[in-house]
Amino acid sequence: MSQSRGIWIERNYELCSGCRRCEIVCSLYHEGKIWPEASRIRIFMLVPGVEIPHLCFQCEDYPCIEVCPAEALSVNNQTGAVEVNVSKCTGCSLCIGACPGKVPHMHPEKNHIIICNLCGGNPKCVEVCQEGKWNALKLTSRKKDFSYKALAKTPEELTIETAKKLFGEEIAKEVWK
Amino acid sequence: MRGYAEKFLEIDLSTKNIKEIKFPEEILHDYIGGRGLATKILWDRLGRKWETIDPFSPENILLVFTGPLTGYFPGTKVCISGKSPQSNGVIGSTLAGEFGIDLKCAGYDGLIITGKAEKPSYIFICDEQVEIKDATPIWGKKARETLQFLVKKSIENIKKIKPNYGEVKEPSILYIGPAGENKTRVAAVVAKYAHGAGYGGYGGVMGSKNLKAIIAKGFGPLPEVHNKEKVIELFNQISRKNFEEMEKFRRWGTGKAGYEVGAETSAEPVRNWQEEWHDEKSFKGEEFDKYWIKKYWGDFGCPVTCLKLAVLKNGNFKGAICDNPDYELEAYLGTNLGIFTPEDNIYLSYIINELGLCGIQAGAVLGFAAELYEKRILSKEELNGIELKWGNIQAFAALAEKIACRQGIGDILAEGVYRAAKKIGEMKGIDLSKYAIHEKGVAIGAHGIRSGKDYVTNISYACSVQAGDHTSVAYIPIDHENSELQMIMHDSAVYCFFNTFKLEDAEIFQFYEAVTGWKLNKEEWYKEKALRILQLQRAMLLLGGPDAQWKPKIDDENPPRFWEPLPSGPYKGRMPDRKRFEEDRLEYYRLVGWDENGVPKPETLRKLGLRDVEIKLREVGLIK
């Protein structure tokens, strides 16, 4: 396991209110517009009531960076976030396949990938979630010897897991077969 | 002009013709969007023959509109409209959810849906790709199954359109249940679980068009605004006010009202409005809290997140999932049916949602039927073997299913309180109007007028252009925050008015200007724009439809039960004063420019540029 560093956004899926104010502030910060699909954090709601804030898990071995043929991705040494060099990114989408959570997605209008860069250290999504006292997102220091990669899952996997916690095993099967 | 996507989609289900249309800037300037614009379009397209149009015929137009503030103002909604099968007028019926956001991000301000599909269909919109798709596999299916099918199918479709995009977030979905498919007049248009637009009965209008669902997915940004910095400043300012001053509302939503507020105001329907007060502490907010798996639940941009998600994890009704009943449903699917346990109330709300019924309209007709059973006007046999005793949860669930499927007695009750009372009354040869609590065909929201302790007044429903709709009531003075002239602003700019409780009018107008670039002030709104929309709604309400026409003044009346003194509670004996009611009604007519019979005056119409309305009202003899 490589040396851990930087910060990490802890997420408690059961507490997400579905207000999507994180999508608003994220897209305003990065794109200057309210643009849910261009937000680096996306709230998936495959099942109403099971809202999943989905954003980069910052795996300790960064498989997305490994797989990138254009050297467009790099680690920010201070925050531990994945930075996208948009001028190098060819939009090949290999990083999506390499990500255990299938987190990166294409910019909805431009030909490059988008990944959360933790707003350089003060993630807007966390601020707005804390302001509303929802506490679904919290800023933490990255722990050493902890596998963040093990937390990385697809929206559907997280939906099934969270539905079980919220509804109980049996009912969860009913809401997403 | 900013804040608009600047185009609308017109979809003719009969010919499958789909086109983009634009409205002139003056029209958007005057009618804003949502309810206002829907009213204008309905008048322009159907006004001349309004009274001849059956709301369930292909001639009716279904409108799904955002407004310029949708997506920017904290708390989002979308407005559904058309000719209402309940009132035969126009009702702007709003529901929460991200549909309006997706629609605007896809590049459209709204949908104008005409005609009737040949077979069960749904509309699929993904940016510029718009298709009418086959809904046969989900026709007849209830809410949960419909949603799952459509989420999975749509994600597949979107992945085909955007193959290398990455994981695709689900689109927004509006749908109907069996109640809409079977063209009941008590069906809602629904998003998520119980995010319903129930007033108006547009679920049945969708059903009449063979339209099971409308799906929107937008990959673009929201349209540009006039003054971005100002919009952000106001967004933060309004959010902060709501965080700081709405804590109780955030914590409980309107769902603490079933006992606490209901007992305090003594205005909550109990056993079909026979009483408006109860002392059942089993219905306290804390008793509901036990079933919540989400204490704060909301939709796009909302700082308040007043919704709560309720689940029954154990017991006979295990597996029921629903938005926690809000005050309206605690009342209409609770106290109004003699149900006083949260578990039964949540279960019935779940059943109602699964069937695609409106909780208020269906709760009203269930209560009406139960009183007829209590008074031995309807027998167990006539109710198809259902023992419709107060509090009998299984009986109400069974009857709700019959209503949604128009089976047996359900076929009559599916017509809603007003029409069912007429029909059963004719069959029995007795006048049942005293048991039918409605205003111009629309069952009245769960806020009674008798105690005088709720926000509504003696004329609130009687003079409203949306009749029984408790969110849009007549009020003196007409520029008061409770007045429907203010509600026309919320419903036309399309955002959630639960975020406006702590705001001044001016902040809303400032927000409007920051988004659109158009100035608006109180004077202009209440004396001109809102009043213009109100006249159009009033005109179409009075023109009516083939099965019901409302007489001005005579039908601007409270249901007979509201003229009976309250039989119990802290305000026992109270009822509105007849003379005072007549004075207030006349004063209201004067304030909104109607004559002493409640017909818009020619000079009012001329001043507002509505000469064509004057001509039509003369033609049918309303203006003499």
# chains A, B, ... in the order shown; residues from 1 in each chain; ligands from 1

call {"tool": "residues_around", "arguments": {"residues": "Asp299 (chain B)", "least_positions_apart": "2", "cutoff": "6 Å", "atoms": "only C-alpha atoms", "output": "list of chain:residue names"}}
result
A:Gly18, A:Cys19, B:Gly97, B:Cys302

call {"tool": "interface_residues", "arguments": {"of": "chain B", "to": "chain A", "cutoff": "6 Å", "atoms": "only C-alpha atoms", "output": "PyMOL selection string"}}
result
chain B and resi 165-166+169+192+219+221-222+296-302+319

call {"tool": "residues_around", "arguments": {"residues": "Tyr259 (chain B)", "least_positions_apart": "3", "cutoff": "6 Å", "atoms": "only C-alpha atoms", "output": "number ranges by chain"}}
result
B: 262-263, 283-284

call {"tool": "residues_around", "arguments": {"residues": "Glu71 (chain A)", "least_positions_apart": "6", "cutoff": "10 Å", "atoms": "only C-alpha atoms", "output": "VMD selection string"}}
result
chain A and resid 65 84 to 85 88 to 90

call {"tool": "residues_around", "arguments": {"residues": "Leu211 (chain B)", "least_positions_apart": "6", "cutoff": "7 Å", "atoms": "only C-alpha atoms", "output": "PyMOL selection string"}}
result
chain B and resi 120-122

call {"tool": "write_last_selection", "arguments": {"atoms": "C-alpha atoms", "output": "PDB file, in the first residue's frame"}}
result
ATOM      1  CA  PRO B 120     -50.229   2.545 -24.189  1.00  0.00           C
ATOM      2  CA  SER B 121     -47.176   4.741 -24.605  1.00  0.00           C
ATOM      3  CA  TYR B 122     -44.593   6.784 -22.786  1.00  0.00           C
TER       4      TYR B 122
END

call {"tool": "select_by_dssp", "arguments": {"residues": "chain A", "states": "strand (DSSP E)", "output": "number ranges by chain"}}
result
A: 7-11, 42-47, 50-54, 73-75, 82-84, 105-106, 113-114, 137-141
